[in-house]
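Structure first, commentary second.
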Amino acid sequence: MELYLYIAAVFLATGCAGLTFRKLLAPPVEPEFDLARLGTFSAEVYRPLERLFDEGGDVAFLRGRSGWAPAMEKKLRSDRRRVFRSYLRQLRSDWAYLHMAARYLLAHSCGDRPDLAWALIRQGARFWVLMTWANLWVEASYYRLALPPFNVRRLLSVPDWLQGQAQDLIAMPAAG
């Protein structure tokens, strides 16, 4: 049992380090800043993530149908993983935009907000840890490993918070 925990810890640490170095070594690319896009983000778009791996009802329904075959269940799991990954890619894109917008607005605001700068760093780290956990969780579901349930609401709370902070910065007067 300890060997599995050691391997999992090494795998997690390697994945986190890889993501961190990839982010650090990537050239900074700032997308165009569109103030109107800030208001379009909604965590509600990502609420279906909460149900994607709640297999209790759906699998039981499938098994209760005539003509059920194990291949149907395998295809359902495969399709759910594909959809989950697609949602995560879109969420990553939305996060990158919201984070860039908040940094831009913070840099161009007239007030000095070191507390918000640190909060952006902390929330960025929290988001990437949760995204890494989400990706590991999706992969573990393929092998039917028993992991604690993934809390999608915790992941979605980070971009929600970030959007609120960016909206607050918009309301502040700009620096001269």
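Here, A, B, ... name the chains of the structure tokens in the order displayed, residue numbers run from 1 inside each chain, and ligands are numbered from 1 in the same displayed order.
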
| request: Find the residues near Tyr142 in chain A: any atom within 9 Å, counting only C-alpha atoms, skip ones fewer than 5 places away on the same chain, and give them as a list in words. | output: Arg77, Ser78, Arg81 and Trp137 of chain A

Keeping only N, CA and C atoms, take the residues you just selected and write them out as a PDB file, in the first residue's frame.
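Output below, filename result.pdb:
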```pdb
ATOM      1  N   ARG A  77     -18.564   5.890 -19.900  1.00  0.00           N
ATOM      2  CA  ARG A  77     -17.436   6.449 -19.137  1.00  0.00           C
ATOM      3  C   ARG A  77     -16.463   7.189 -20.043  1.00  0.00           C
ATOM      4  N   SER A  78     -16.183   6.603 -21.201  1.00  0.00           N
ATOM      5  CA  SER A  78     -15.265   7.222 -22.148  1.00  0.00           C
ATOM      6  C   SER A  78     -15.811   8.557 -22.647  1.00  0.00           C
ATOM      7  N   ARG A  81     -15.545  11.191 -19.906  1.00  0.00           N
ATOM      8  CA  ARG A  81     -14.180  11.707 -19.750  1.00  0.00           C
ATOM      9  C   ARG A  81     -13.862  12.722 -20.838  1.00  0.00           C
ATOM     10  N   TRP A 137      -7.881  13.174 -11.540  1.00  0.00           N
ATOM     11  CA  TRP A 137      -9.116  12.496 -11.175  1.00  0.00           C
ATOM     12  C   TRP A 137      -9.776  11.882 -12.408  1.00  0.00           C
TER      13      TRP A 137
END
```

Show me, as CSV, the residues of range 63-175 of chain A having an atom within 12 Å of range 40-52 of chain A, each with the closest atom pair and its distance in Å, using only C-alpha atoms.
```
residue,atom,partner,partner_atom,distance
A:Leu76,CA,A:Leu52,CA,10.0
A:Arg77,CA,A:Leu52,CA,9.0
A:Ser78,CA,A:Leu52,CA,11.0
A:Asp79,CA,A:Leu52,CA,9.6
A:Arg80,CA,A:Leu52,CA,6.0
A:Arg81,CA,A:Leu52,CA,8.1
A:Arg82,CA,A:Leu52,CA,10.2
A:Val83,CA,A:Leu52,CA,8.2
A:Phe84,CA,A:Leu49,CA,6.5
A:Arg85,CA,A:Leu49,CA,9.8
A:Ser86,CA,A:Leu49,CA,10.3
A:Tyr87,CA,A:Tyr46,CA,6.9
A:Leu88,CA,A:Tyr46,CA,8.8
A:Arg89,CA,A:Tyr46,CA,11.2
A:Gln90,CA,A:Tyr46,CA,9.2
A:Leu91,CA,A:Tyr46,CA,7.8
A:Arg92,CA,A:Tyr46,CA,11.5
A:Ser93,CA,A:Phe41,CA,11.0
A:Asp94,CA,A:Phe41,CA,7.4
A:Trp95,CA,A:Phe41,CA,9.5
A:Ala96,CA,A:Phe41,CA,11.9
A:Tyr97,CA,A:Phe41,CA,9.9
A:Leu98,CA,A:Phe41,CA,8.6
A:Ala134,CA,A:Leu49,CA,10.6
A:Val138,CA,A:Leu52,CA,10.3
A:Ser141,CA,A:Leu52,CA,11.3
A:Pro149,CA,A:Glu50,CA,10.2
A:Phe150,CA,A:Glu50,CA,8.6
A:Asn151,CA,A:Glu50,CA,7.7
A:Val152,CA,A:Glu50,CA,5.9
A:Arg153,CA,A:Glu50,CA,7.8
A:Arg154,CA,A:Glu50,CA,10.8
A:Leu155,CA,A:Ala43,CA,9.8
A:Leu156,CA,A:Ala43,CA,6.2
A:Ser157,CA,A:Ala43,CA,8.0
A:Val158,CA,A:Ala43,CA,9.7
A:Pro159,CA,A:Ala43,CA,7.7
A:Asp160,CA,A:Ala43,CA,6.5
A:Trp161,CA,A:Ala43,CA,10.3
A:Leu162,CA,A:Phe41,CA,10.4
A:Gln163,CA,A:Phe41,CA,7.6
A:Gly164,CA,A:Phe41,CA,10.4
A:Ala166,CA,A:Phe41,CA,11.5
A:Gln167,CA,A:Phe41,CA,11.3
```

| Could you name the residues that touch Arg122 in chain A at 12 Å or less, counting only C-alpha atoms, but leaving out those on the same chain fewer than 4 positions away, as a PyMOL selection string? | chain A and resi 99+115-118+126-129+158+161-162

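Residue nearest Asp34 in chain A within the list A:Tyr143, A:Trp133, A:Tyr4, A:Tyr104: A:Tyr104 [criterion: smallest interatomic distance, only C-alpha atoms].
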
| field | Backbone-only DSSP, alpha helix (DSSP H) members of range 63-93 of chain A, as a PyMOL selection string | value | chain A and resi 63-64+70-93

| note | Between A:Leu136, A:Ala102, A:Ala171, A:Ala13, smallest distance to Leu120 in chain A by only C-alpha atoms belongs to A:Ala102

| Expressed in Å to a single decimal, how great is the separation between CA of Met72 in chain A and CA of Val59 in chain A? |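 Here the two named atoms are 9.5 Å from each other.
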
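You can rank A:Ala60, A:Leu130, A:Met172, A:Leu38 by their closest distance to Cys110 in chain A using only C-alpha atoms, and at the top of that list sits A:Met172.
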